[in-house]
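Trainee: The file below is input16.cif, mmCIF, C-alpha atoms:
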data_model
loop_
_atom_site.label_atom_id
_atom_site.label_comp_id
_atom_site.auth_asym_id
_atom_site.auth_seq_id
_atom_site.Cartn_x
_atom_site.Cartn_y
_atom_site.Cartn_z
CA MET I 14 141.64 50.62 99.78
CA GLY I 15 141.56 54.41 100.16
CA LYS I 16 141.03 57.13 97.58
CA ILE I 17 142.64 57.65 94.16
CA ARG I 18 143.72 61.28 93.96
CA VAL I 19 143.59 62.51 90.36
CA ALA I 20 144.86 65.65 88.64
CA VAL I 21 143.79 66.58 85.12
CA ALA I 22 145.57 68.59 82.42
CA GLY I 23 142.91 69.98 80.11
CA VAL I 24 139.40 70.70 81.44
CA GLY I 25 137.65 70.04 78.15
CA ASN I 26 134.78 67.84 77.07
CA CYS I 27 136.52 64.60 78.06
CA ALA I 28 137.28 65.81 81.58
CA SER I 29 133.72 67.12 81.84
CA SER I 30 132.20 63.77 80.89
CA LEU I 31 134.49 61.90 83.28
CA ILE I 32 133.74 64.15 86.26
CA GLN I 33 130.01 64.27 85.53
CA GLY I 34 129.90 60.50 85.12
CA LEU I 35 131.66 59.86 88.43
CA GLU I 36 129.07 62.04 90.17
CA TYR I 37 126.29 60.23 88.29
CA TYR I 38 127.42 56.80 89.50
CA ARG I 39 127.87 58.07 93.06
CA THR I 40 124.28 59.34 93.13
CA HIS I 41 122.91 56.20 91.41
CA ARG I 42 124.90 53.64 93.39
CA ASN I 43 121.83 51.51 94.12
CA GLU I 44 121.04 51.09 90.41
CA ALA I 45 122.53 48.71 87.85
CA PRO I 46 125.99 50.02 86.83
CA ILE I 47 125.11 50.44 83.16
CA GLY I 48 128.06 51.79 81.18
CA LEU I 49 130.81 50.51 83.48
CA MET I 50 133.21 47.82 82.30
CA HIS I 51 134.06 47.19 85.97
CA ALA I 52 132.01 48.36 88.94
CA ASP I 53 134.94 47.20 91.08
CA LEU I 54 138.48 47.04 89.77
CA GLY I 55 141.22 45.80 92.06
CA GLY I 56 139.17 46.80 95.09
CA TYR I 57 138.46 50.33 93.83
CA GLY I 58 135.01 51.58 92.90
CA VAL I 59 134.25 54.73 90.92
CA GLU I 60 133.37 56.44 94.22
CA ASP I 61 137.04 56.12 95.24
CA ILE I 62 138.20 58.49 92.50
CA GLU I 63 138.51 62.12 93.57
CA PHE I 64 139.94 65.10 91.69
CA VAL I 65 142.51 67.13 93.57
CA ALA I 66 144.03 69.41 90.91
CA ALA I 67 143.20 70.75 87.45
CA PHE I 68 145.03 72.77 84.78
CA ASP I 69 143.74 74.63 81.73
CA ILE I 70 144.57 77.73 79.71
CA ASP I 71 141.11 79.09 78.84
CA LYS I 72 140.04 82.31 80.57
CA ARG I 73 136.51 80.94 81.09
CA LYS I 74 137.89 78.06 83.19
CA VAL I 75 141.05 79.30 84.90
CA GLY I 76 140.32 80.53 88.42
CA ARG I 77 136.91 78.87 88.59
CA PRO I 78 135.90 75.85 90.69
CA LEU I 79 136.39 72.64 88.71
CA ALA I 80 132.74 71.75 89.33
CA GLU I 81 131.74 74.87 87.35
CA ALA I 82 134.56 75.00 84.80
CA ILE I 83 133.60 71.66 83.26
CA PHE I 84 130.42 73.31 81.93
CA ALA I 85 132.14 76.44 80.56
CA ALA I 86 132.54 77.15 76.83
CA PRO I 87 133.80 75.84 74.53
CA ASN I 88 132.75 72.57 76.20
CA CYS I 89 129.69 71.17 74.44
CA THR I 90 129.35 67.58 75.61
CA GLN I 91 126.06 66.11 76.70
CA THR I 92 125.07 66.82 80.30
CA ILE I 93 125.11 63.61 82.35
CA GLN I 94 124.81 65.00 85.87
CA ARG I 95 124.28 68.51 87.21
CA PRO I 96 124.99 70.08 89.61
CA ILE I 97 128.38 68.65 90.58
CA ARG I 98 129.52 68.82 94.18
CA ASP I 99 132.19 71.46 94.71
CA ASN I 100 135.26 69.66 96.07
CA GLY I 101 137.28 72.84 96.50
CA VAL I 102 139.50 72.35 93.44
CA ILE I 103 140.20 75.54 91.49
CA VAL I 104 141.38 75.29 87.88
CA LYS I 105 144.93 76.63 87.66
CA MET I 106 146.65 78.22 84.68
CA GLY I 107 148.90 75.81 82.82
CA GLU I 108 151.54 76.40 80.15
CA VAL I 109 150.12 77.16 76.69
CA LEU I 110 153.13 76.08 74.59
CA ASP I 111 151.65 74.50 71.42
CA GLY I 112 148.25 73.73 72.96
CA VAL I 113 146.29 76.20 70.80
CA ALA I 114 146.20 75.95 67.02
CA ALA I 115 146.60 79.34 65.30
CA HIS I 116 143.62 78.87 62.97
CA MET I 117 141.21 78.80 65.94
CA ALA I 118 141.36 82.61 66.02
CA ASP I 119 139.18 82.58 62.88
CA TYR I 120 136.22 81.06 64.76
CA PRO I 121 133.71 82.49 67.28
CA GLU I 122 134.77 82.42 70.94
CA GLU I 123 132.05 79.94 71.91
CA ARG I 124 133.69 77.32 69.67
CA ARG I 125 137.40 77.82 70.40
CA PHE I 126 139.97 78.27 73.15
CA VAL I 127 140.43 81.78 74.55
CA VAL I 128 143.77 82.03 76.32
CA SER I 129 143.78 83.49 79.82
CA ASP I 130 146.25 86.25 80.70
CA GLU I 131 146.95 84.61 84.07
CA LYS I 132 150.52 83.59 84.85
CA PRO I 133 151.15 79.82 84.61
CA VAL I 134 151.52 78.06 87.94
CA ASP I 135 154.31 75.72 89.01
CA VAL I 136 152.65 72.48 87.90
CA VAL I 137 155.14 70.22 89.69
CA GLN I 138 154.55 71.98 92.99
CA GLU I 139 150.78 71.93 92.48
CA LEU I 140 150.90 68.18 91.89
CA LYS I 141 152.98 67.65 95.01
CA ASP I 142 150.82 69.92 97.16
CA SER I 143 147.63 68.21 95.99
CA GLY I 144 148.94 64.75 96.85
CA ALA I 145 147.90 63.49 93.39
CA ASP I 146 148.49 59.84 92.58
CA VAL I 147 147.64 60.19 88.89
CA LEU I 148 147.78 62.90 86.21
CA VAL I 149 145.33 62.43 83.32
CA SER I 150 146.51 64.25 80.18
CA TYR I 151 143.55 65.46 78.11
CA LEU I 152 145.43 68.02 76.00
CA PRO I 153 144.41 68.85 72.40
CA VAL I 154 145.70 66.74 69.51
CA GLY I 155 148.99 68.07 68.18
CA SER I 156 150.16 69.52 71.50
CA GLU I 157 153.53 67.79 71.32
CA LYS I 158 155.46 70.25 73.49
CA ALA I 159 152.66 70.58 76.03
CA ALA I 160 152.27 66.81 76.31
CA ARG I 161 155.96 66.36 77.03
CA PHE I 162 155.89 69.24 79.50
CA TYR I 163 153.18 67.57 81.60
CA ALA I 164 154.95 64.21 81.32
CA GLU I 165 158.08 65.87 82.75
CA CYS I 166 155.98 67.38 85.53
CA ALA I 167 154.58 63.94 86.40
CA LEU I 168 158.10 62.53 86.53
CA GLN I 169 159.36 65.28 88.80
CA ALA I 170 156.34 65.04 91.10
CA GLY I 171 156.37 61.22 91.29
CA VAL I 172 152.86 61.05 89.83
CA SER I 173 151.57 58.36 87.46
CA LEU I 174 150.64 59.55 83.97
CA ILE I 175 147.67 58.43 81.91
CA ASN I 176 148.35 59.87 78.46
CA CYS I 177 145.02 60.04 76.64
CA MET I 178 146.38 61.97 73.67
CA PRO I 179 148.26 60.83 70.54
CA VAL I 180 151.71 62.04 71.51
CA PHE I 181 154.02 59.08 71.98
CA ILE I 182 155.25 59.21 75.57
CA VAL I 183 154.47 55.92 77.28
CA SER I 184 155.26 54.14 73.99
CA ASP I 185 158.53 56.08 73.66
CA PRO I 186 161.30 53.80 75.01
CA ALA I 187 163.27 56.75 76.38
CA PHE I 188 160.35 58.16 78.36
CA ALA I 189 159.28 54.66 79.42
CA GLU I 190 162.72 53.95 80.85
CA ARG I 191 162.72 57.19 82.82
CA PHE I 192 159.34 56.41 84.40
CA GLU I 193 160.54 52.89 85.20
CA LYS I 194 163.72 54.14 86.86
CA ALA I 195 161.65 56.62 88.88
CA GLY I 196 159.37 53.83 90.10
CA ILE I 197 156.27 55.34 88.48
CA PRO I 198 153.70 53.20 86.61
CA VAL I 199 152.15 54.84 83.52
CA ILE I 200 149.48 54.04 80.90
CA GLY I 201 149.31 55.36 77.31
CA ASP I 202 149.14 56.47 74.52
CA ASP I 203 145.94 57.80 72.84
CA ILE I 204 142.75 56.67 74.54
CA LYS I 205 140.37 54.27 72.82
CA SER I 206 136.66 54.84 73.16
CA GLN I 207 134.42 52.38 74.97
CA VAL I 208 132.72 51.48 71.69
CA GLY I 209 134.28 53.79 69.14
CA ALA I 210 135.57 53.88 65.59
CA THR I 211 138.94 52.29 66.37
CA ILE I 212 137.67 49.33 68.38
CA THR I 213 134.85 48.72 65.87
CA HIS I 214 137.28 48.87 62.94
CA ARG I 215 139.70 46.51 64.73
CA MET I 216 136.94 43.98 65.35
CA LEU I 217 135.70 44.10 61.74
CA ALA I 218 139.25 43.69 60.42
CA ARG I 219 139.82 40.75 62.74
CA LEU I 220 136.48 39.22 61.67
CA PHE I 221 137.48 39.35 57.99
CA GLU I 222 140.83 37.71 58.68
CA ASP I 223 139.46 35.06 61.07
CA ARG I 224 136.84 34.03 58.49
CA GLY I 225 139.38 33.72 55.68
CA VAL I 226 138.41 36.88 53.83
CA SER I 227 141.27 38.85 52.25
CA ILE I 228 141.13 42.59 53.02
CA ASP I 229 141.96 44.64 49.93
CA ARG I 230 141.15 48.18 51.06
CA THR I 231 139.65 50.03 54.00
CA TYR I 232 138.96 53.53 55.20
CA GLN I 233 137.66 55.25 58.30
CA LEU I 234 136.43 58.83 58.09
CA ASN I 235 135.30 60.77 61.15
CA THR I 236 133.38 64.02 61.61
CA GLY I 237 132.55 65.98 64.75
CA GLY I 238 131.84 69.45 66.07
CA ASN I 239 133.85 69.76 69.29
CA THR I 240 137.11 71.65 69.83
CA ASP I 241 139.08 68.46 69.13
CA PHE I 242 137.78 68.35 65.57
CA LEU I 243 138.19 72.11 65.16
CA ASN I 244 141.77 71.81 66.39
CA MET I 245 142.46 68.99 63.91
CA LEU I 246 141.60 71.16 60.91
CA GLU I 247 145.26 72.12 61.08
CA ARG I 248 146.53 68.99 59.38
CA THR I 249 150.10 69.40 60.59
CA ARG I 250 148.82 68.49 64.08
CA LEU I 251 147.52 65.12 62.85
CA LYS I 252 150.73 63.19 62.13
CA THR I 253 150.84 61.09 65.32
CA LYS I 254 147.03 60.84 65.46
CA LYS I 255 146.90 59.16 62.05
CA ILE I 256 149.79 56.87 62.94
CA SER I 257 148.11 55.89 66.19
CA LYS I 258 144.70 55.11 64.65
CA THR I 259 146.18 53.26 61.68
CA GLU I 260 148.51 51.09 63.78
CA ALA I 261 145.63 50.24 66.13
CA VAL I 262 143.73 48.68 63.21
CA GLN I 263 146.73 47.14 61.45
CA SER I 264 147.92 45.51 64.69
CA ALA I 265 144.72 43.45 64.85
CA LEU I 266 145.77 41.60 61.68
CA GLN I 267 148.26 38.79 61.12
CA VAL I 268 148.90 40.14 57.62
CA PRO I 269 148.80 43.95 57.53
CA ILE I 270 147.09 45.76 54.67
CA GLU I 271 149.35 47.58 52.22
CA PRO I 272 149.72 51.21 53.39
CA GLU I 273 148.36 52.68 50.16
CA ASN I 274 145.12 50.73 50.71
CA VAL I 275 144.43 52.07 54.21
CA HIS I 276 143.09 55.51 55.06
CA ILE I 277 142.20 56.15 58.69
CA GLY I 278 141.86 59.56 60.25
CA PRO I 279 139.72 62.58 61.06
CA SER I 280 137.87 63.99 58.08
CA ASP I 281 136.14 67.26 58.90
CA TYR I 282 134.69 69.66 61.44
CA VAL I 283 130.90 70.05 61.43
CA PRO I 284 130.02 72.65 64.12
CA TRP I 285 126.40 71.60 64.68
CA GLN I 286 127.47 68.05 65.53
CA LYS I 287 129.00 69.42 68.76
CA ASP I 288 130.35 66.45 70.78
CA ASN I 289 128.68 63.91 68.53
CA LYS I 290 131.19 61.96 66.44
CA VAL I 291 130.13 60.12 63.31
CA ALA I 292 132.46 57.49 61.87
CA PHE I 293 132.15 55.99 58.42
CA ILE I 294 133.96 52.68 57.96
CA ARG I 295 134.29 50.80 54.67
CA MET I 296 136.04 47.46 54.15
CA GLU I 297 136.55 45.75 50.81
CA GLY I 298 137.67 42.15 50.61
CA ARG I 299 137.41 38.85 48.77
CA GLY I 300 136.08 35.57 50.07
CA TRP I 301 135.28 32.15 48.69
CA GLY I 302 136.22 31.83 45.01
CA ASN I 303 137.69 35.36 45.02
CA VAL I 304 134.18 36.81 45.20
CA PRO I 305 134.03 40.40 46.57
CA ILE I 306 132.66 41.23 50.02
CA HIS I 307 132.11 44.83 51.08
CA ILE I 308 131.01 46.22 54.45
CA GLU I 309 130.00 49.79 55.19
CA ALA I 310 129.26 50.85 58.76
CA ARG I 311 128.17 54.15 60.29
CA LEU I 312 128.80 54.71 63.99
CA SER I 313 127.36 57.69 65.88
CA VAL I 314 128.54 58.33 69.46
CA GLU I 315 128.90 61.12 71.99
CA ASP I 316 132.66 61.35 71.80
CA SER I 317 133.64 62.41 75.32
CA PRO I 318 131.43 60.07 77.41
CA ASN I 319 132.74 57.27 75.16
CA SER I 320 136.27 58.15 76.30
CA ALA I 321 135.32 58.51 79.97
CA GLY I 322 134.03 54.93 80.09
CA VAL I 323 137.60 53.76 79.44
CA VAL I 324 139.58 56.35 81.43
CA VAL I 325 137.73 55.40 84.61
CA ASP I 326 139.28 51.93 84.37
CA ALA I 327 142.70 53.25 83.35
CA ILE I 328 142.78 55.40 86.50
CA ARG I 329 142.02 52.44 88.72
CA CYS I 330 144.46 50.15 86.91
CA VAL I 331 147.38 52.56 87.28
CA LYS I 332 146.57 52.94 90.99
CA VAL I 333 146.52 49.15 91.36
CA ALA I 334 149.92 49.10 89.62
CA ARG I 335 151.23 51.63 92.17
CA ASP I 336 149.87 49.50 94.98
CA ARG I 337 151.55 46.42 93.49
CA GLY I 338 154.94 48.13 93.24
CA LEU I 339 155.05 48.19 89.43
CA ALA I 340 156.94 50.83 87.46
CA GLY I 341 157.11 52.04 83.88
CA PRO I 342 154.49 51.24 81.22
CA VAL I 343 151.75 48.93 82.47
CA GLU I 344 151.42 46.92 79.27
CA ALA I 345 148.04 45.15 79.46
CA PRO I 346 145.98 48.21 80.44
CA SER I 347 147.88 50.26 77.87
CA ALA I 348 147.04 47.72 75.17
CA TYR I 349 143.38 47.43 76.21
CA PHE I 350 142.68 51.12 76.78
CA MET I 351 144.99 52.85 74.28
CA LYS I 352 145.47 52.96 70.50
CA HIS I 353 149.27 53.22 70.59
CA PRO I 354 150.56 51.22 73.57
CA PRO I 355 154.16 50.11 74.03
CA ARG I 356 153.06 46.61 72.99
CA GLN I 357 149.92 45.82 71.00
CA MET I 358 147.82 42.85 72.16
CA ALA I 359 144.60 41.20 71.08
CA GLU I 360 141.67 42.60 73.07
CA HIS I 361 140.90 39.33 74.85
CA THR I 362 144.56 38.79 75.78
CA ALA I 363 144.90 42.29 77.24
CA ARG I 364 141.68 41.92 79.21
CA GLU I 365 142.80 38.58 80.67
CA GLU I 366 146.12 40.11 81.73
CA ILE I 367 144.31 43.03 83.37
CA GLU I 368 142.28 40.56 85.42
CA ARG I 369 145.53 38.91 86.54
CA LEU I 370 147.03 42.31 87.41
CA VAL I 371 144.18 43.33 89.67
CA THR I 372 144.20 40.01 91.55
CA THR I 373 147.98 39.91 92.13
CA PRO I 374 148.89 40.16 95.85
CA MET I 375 150.04 43.60 96.93
CA ILE I 376 153.73 44.28 97.59
CA THR I 377 154.09 45.84 101.03
CA SER I 378 157.48 47.49 100.49
CA ARG I 379 158.84 49.17 97.39
CA THR I 380 161.49 51.45 96.01
CA GLY I 381 161.14 54.49 93.79
CA THR I 382 159.23 57.72 94.11
CA ALA I 383 155.71 56.79 93.07
CA GLY I 384 154.62 56.09 96.68
#
Mind turning this structure into structure tokens?

Mentor:
Amino acid sequence: MGKIRVAVAGVGNCASSLIQGLEYYRTHRNEAPIGLMHADLGGYGVEDIEFVAAFDIDKRKVGRPLAEAIFAAPNCTQTIQRPIRDNGVIVKMGEVLDGVAAHMADYPEERRFVVSDEKPVDVVQELKDSGADVLVSYLPVGSEKAARFYAECALQAGVSLINCMPVFIVSDPAFAERFEKAGIPVIGDDIKSQVGATITHRMLARLFEDRGVSIDRTYQLNTGGNTDFLNMLERTRLKTKKISKTEAVQSALQVPIEPENVHIGPSDYVPWQKDNKVAFIRMEGRGWGNVPIHIEARLSVEDSPNSAGVVVDAIRCVKVARDRGLAGPVEAPSAYFMKHPPRQMAEHTAREEIERLVTTPMITSRTGTAG
């Protein structure tokens, strides 16, 4: 099947976990593939994914080999595999735009972004020169301008986009149409975790409804100590994040909960938690005879590895879509892997459609620029 050539925008904890995990599975290929939803997806294994370009803005990462930069501060995720083979990729300086929240300057350097004084590179040209098939966007929450900048770069370079952040690009009809016209398949927006707060909350909400229990109120509060949670202390950067997480839960229900009775979103930054995310979920409802039923759940996960377990499948699905001659938003993977897809689906429906996608015969000739 060949290799899947991947570029990444944002060499933070999520990129670190993904790259470390790929190396882990390569070096443990004779062991049970614990943690993989698919060892093989459409003919591609995890060993077929290779990184060919990387962009960041932090002076501790820019100019360094990607294999080293993923361990540089302020990254704080759990070490999965070390050392990482040096594949020759050097992290290049990207555009800052709105990627750094102003309040971060109030925190020690080891916890926050420190902007490099290097000149930004021509991202479009770098993508073309690297031969990338896919650009994974791992930018900080609230980076609206930066997210759109990298989406434009993907369009100009003919590269598929996997938008892991809560800026509405793939689910924006205007952007979606442009990618479709360009012949480029894309997946987004806002990555779900493998077993995270959103998917757990969706399943609990669906359980209540399926068993005839009325949902009166619910909340989800999250704490963490990585740069994502530090970044989100600036509440103005949270608008699309809260929309994305809330819609992901509401869409699992036939009868949505009244907006005033739903609160879903990040709660606070706890530095010593580092990349550990703790989610508190409460659901209040009424069952037989109008008798109350309450559920409280606490979920503790390493945030970035939890994301990587999903992105690894999104990468392979978008490459399969390129192979099949598809263009524009790839709906089933977007619904299964993302919180805010162009079209919400039940988990089982999206998974079934993914299985059909990866077994569809390949189209040998195609139009467009995705190539």

Trainee: Nearest to Arg250 of chain I among I:Ala20, I:Ile93, I:Ile197, I:Val154, with distances taken over all atoms listed in the file: which residue is it?

Mentor: I:Val154

Trainee: Just how far from atom CA of Met216 of chain I is atom CA of His276 of chain I, in Å to one decimal?

Mentor: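 Answer for the atom CA of His276 of chain I to atom CA of Met216 of chain I separation: 16.6 Å.
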
Trainee: Using all atoms listed in the file, which of I:Gln286, I:Thr373, I:Ser184, I:Thr236 sits nearest Pro355 of chain I?

Mentor: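 Closest to Pro355 of chain I of all the choices is I:Ser184.
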
Trainee: Mind pulling up the distance from atom CA of Pro318 of chain I to atom CA of Leu266 of chain I?

Mentor: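 Computing it gives 28.2 Å between the two atoms.
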
Trainee: Determine, for each residue of segment 247-292 of chain I having at least one atom at most 12 Å from an atom of segment 219-233 of chain I, the closest pair of atoms and their separation in Å to one decimal, counting all atoms listed in the file; order by chain and ascending number, as JSON lines.

Mentor:
{"residue": "I:Lys255", "atom": "CA", "partner": "I:Gln233", "partner_atom": "CA", "distance": 10.7}
{"residue": "I:Lys258", "atom": "CA", "partner": "I:Gln233", "partner_atom": "CA", "distance": 9.5}
{"residue": "I:Thr259", "atom": "CA", "partner": "I:Gln233", "partner_atom": "CA", "distance": 9.4}
{"residue": "I:Ala261", "atom": "CA", "partner": "I:Arg219", "partner_atom": "CA", "distance": 11.6}
{"residue": "I:Val262", "atom": "CA", "partner": "I:Arg219", "partner_atom": "CA", "distance": 8.9}
{"residue": "I:Gln263", "atom": "CA", "partner": "I:Arg219", "partner_atom": "CA", "distance": 9.5}
{"residue": "I:Ser264", "atom": "CA", "partner": "I:Arg219", "partner_atom": "CA", "distance": 9.6}
{"residue": "I:Ala265", "atom": "CA", "partner": "I:Arg219", "partner_atom": "CA", "distance": 6.0}
{"residue": "I:Leu266", "atom": "CA", "partner": "I:Arg219", "partner_atom": "CA", "distance": 6.1}
{"residue": "I:Gln267", "atom": "CA", "partner": "I:Glu222", "partner_atom": "CA", "distance": 7.9}
{"residue": "I:Val268", "atom": "CA", "partner": "I:Glu222", "partner_atom": "CA", "distance": 8.5}
{"residue": "I:Pro269", "atom": "CA", "partner": "I:Ile228", "partner_atom": "CA", "distance": 9.0}
{"residue": "I:Ile270", "atom": "CA", "partner": "I:Ile228", "partner_atom": "CA", "distance": 6.9}
{"residue": "I:Glu271", "atom": "CA", "partner": "I:Asp229", "partner_atom": "CA", "distance": 8.3}
{"residue": "I:Pro272", "atom": "CA", "partner": "I:Arg230", "partner_atom": "CA", "distance": 9.4}
{"residue": "I:Glu273", "atom": "CA", "partner": "I:Arg230", "partner_atom": "CA", "distance": 8.5}
{"residue": "I:Asn274", "atom": "CA", "partner": "I:Arg230", "partner_atom": "CA", "distance": 4.7}
{"residue": "I:Val275", "atom": "CA", "partner": "I:Thr231", "partner_atom": "CA", "distance": 5.2}
{"residue": "I:His276", "atom": "CA", "partner": "I:Tyr232", "partner_atom": "CA", "distance": 4.6}
{"residue": "I:Ile277", "atom": "CA", "partner": "I:Gln233", "partner_atom": "CA", "distance": 4.6}
{"residue": "I:Gly278", "atom": "CA", "partner": "I:Gln233", "partner_atom": "CA", "distance": 6.3}
{"residue": "I:Pro279", "atom": "CA", "partner": "I:Gln233", "partner_atom": "CA", "distance": 8.1}
{"residue": "I:Ser280", "atom": "CA", "partner": "I:Gln233", "partner_atom": "CA", "distance": 8.7}
{"residue": "I:Val291", "atom": "CA", "partner": "I:Gln233", "partner_atom": "CA", "distance": 10.3}
{"residue": "I:Ala292", "atom": "CA", "partner": "I:Gln233", "partner_atom": "CA", "distance": 6.7}

Trainee: Evaluated on this file, the PyMOL selection byres ((chain I and resi 173) around 7) picks out some residues - which ones are they, written as a list in words?

Mentor: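 On this input, the PyMOL selection byres ((chain I and resi 173) around 7) captures Asp146, Val147, Leu148, Ala167, Gly171, Val172, Leu174, Ile175, Ile197, Pro198 and Val199 of chain I.
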
Trainee: Could you check how far atom CA of Asn244 of chain I sits from atom CA of Ser156 of chain I, in Å to one decimal?

Mentor: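 Distance between the two atoms: 10.1 Å.
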
Trainee: Kindly resolve the PyMOL selection byres ((chain I and resi 281) around 10) on the present coordinates and return the residues as an NGL selection string.

Mentor: :I and (234-238 or 242-243 or 245-246 or 278-280 or 282-284)

Trainee: Please determine, counting only C-alpha atoms, which residue among I:Ala145, I:Val180, I:Leu251, I:Val128 has the shortest atom-to-atom distance to Lys352 of chain I.

Mentor: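 Between I:Ala145, I:Val180, I:Leu251, I:Val128, the residue approaching Lys352 of chain I most closely is I:Val180.
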
Trainee: With distances taken over all atoms listed in the file, which residue among I:Val113, I:Leu79, I:Phe84, I:Ala22 lies nearest Glu247 of chain I?

Mentor: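 For Glu247 of chain I, the nearest of the candidates is I:Val113.
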
Trainee: Mind telling me what the PyMOL selection byres ((chain I and resi 66) around 8) catches here, as a PyMOL selection string?

Mentor: chain I and resi 19-21+64-65+67-68+102-105+139-140+143+145

Trainee: Could you write out the selected residues, including C-alpha atoms, as an mmCIF file, in the frame of the given file?

Mentor:
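Written file, out-v6.cif:
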data_model
loop_
_atom_site.group_PDB
_atom_site.id
_atom_site.type_symbol
_atom_site.label_atom_id
_atom_site.label_comp_id
_atom_site.auth_asym_id
_atom_site.auth_seq_id
_atom_site.Cartn_x
_atom_site.Cartn_y
_atom_site.Cartn_z
ATOM 1 C CA VAL I 19 143.590 62.510 90.360
ATOM 2 C CA ALA I 20 144.860 65.650 88.640
ATOM 3 C CA VAL I 21 143.790 66.580 85.120
ATOM 4 C CA PHE I 64 139.940 65.100 91.690
ATOM 5 C CA VAL I 65 142.510 67.130 93.570
ATOM 6 C CA ALA I 67 143.200 70.750 87.450
ATOM 7 C CA PHE I 68 145.030 72.770 84.780
ATOM 8 C CA VAL I 102 139.500 72.350 93.440
ATOM 9 C CA ILE I 103 140.200 75.540 91.490
ATOM 10 C CA VAL I 104 141.380 75.290 87.880
ATOM 11 C CA LYS I 105 144.930 76.630 87.660
ATOM 12 C CA GLU I 139 150.780 71.930 92.480
ATOM 13 C CA LEU I 140 150.900 68.180 91.890
ATOM 14 C CA SER I 143 147.630 68.210 95.990
ATOM 15 C CA ALA I 145 147.900 63.490 93.390
#

Trainee: Using all atoms listed in the file, which of the listed residues (I:Pro133, I:Gly101, I:Gly56, I:Pro46) sits closest to Gly34 of chain I?

Mentor: I:Pro46

Trainee: For Met358 of chain I, work out the shell of residues within 10 Å, counting only C-alpha atoms and skipping chain neighbours fewer than 2 positions away, then give it as a list in words.

Mentor: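 In the requested form, the answer reads Ala261, Ser264, Ala265, Glu344, Ala345, Ser347, Ala348, Tyr349, Pro354, Pro355, Arg356, Glu360, His361, Thr362, Ala363 and Arg364 of chain I.
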
Trainee: Nearest to Lys194 of chain I: which of I:Met351, I:Arg95, I:Asp241, I:Leu168 is it, counting only C-alpha atoms?

Mentor: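 Among I:Met351, I:Arg95, I:Asp241, I:Leu168, it is I:Leu168 that comes nearest to Lys194 of chain I.
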
Trainee: Counting only C-alpha atoms, which residues come within 9 Å of (135.6, 55.3, 69.2), with the point read in the file's coordinates, and could you list them as an MDAnalysis selection string?

Mentor: chainID I and resid 205:213 290 292 312 314 316 319:320

Trainee: Keeping C-alpha atoms, export the residues of the selection given above as a compact mmCIF listing (two decimals), keeping the file's coordinate frame.

Mentor:
# COMPACT_ATOMS: atom_id res chain seq x y z
CA LYS I 205 140.37 54.27 72.82
CA SER I 206 136.66 54.84 73.16
CA GLN I 207 134.42 52.38 74.97
CA VAL I 208 132.72 51.48 71.69
CA GLY I 209 134.28 53.79 69.14
CA ALA I 210 135.57 53.88 65.59
CA THR I 211 138.94 52.29 66.37
CA ILE I 212 137.67 49.33 68.38
CA THR I 213 134.85 48.72 65.87
CA LYS I 290 131.19 61.96 66.44
CA ALA I 292 132.46 57.49 61.87
CA LEU I 312 128.80 54.71 63.99
CA VAL I 314 128.54 58.33 69.46
CA ASP I 316 132.66 61.35 71.80
CA ASN I 319 132.74 57.27 75.16
CA SER I 320 136.27 58.15 76.30

Trainee: Would you mind listing what lies within 8 Å of Pro87 of chain I as an NGL selection string, with all atoms listed in the file counted and same-chain residues fewer than 4 positions away left out?

Mentor: :I and (25 or 122-126 or 240)

Trainee: Step by step, gather every atom of segment 166-173 of chain I that the file lists, find the box along x, y and z that holds them, add 4 Å on each side, and finally give centre and edge lengths in Å to one decimal, as lines of an AutoDock Vina configuration file.

Mentor:
center_x = 155.5
center_y = 62.9
center_z = 88.4
size_x = 15.8
size_y = 17.0
size_z = 13.8

Trainee: Identify the residues around (148.5, 71.3, 75.3) within a radius of 8 Å, measuring from all atoms listed in the file in the coordinates stated by the file, and give them as a ChimeraX atom specification.

Mentor: /I:23,108-113,152-160

Trainee: Please provide as a PyMOL selection string all residues within 9 Å of Ala82 of chain I, with the sequence filter that same-chain residues fewer than 4 positions apart are discarded (counting all atoms listed in the file).

Mentor: chain I and resi 24-25+29+73-78+86+103-104
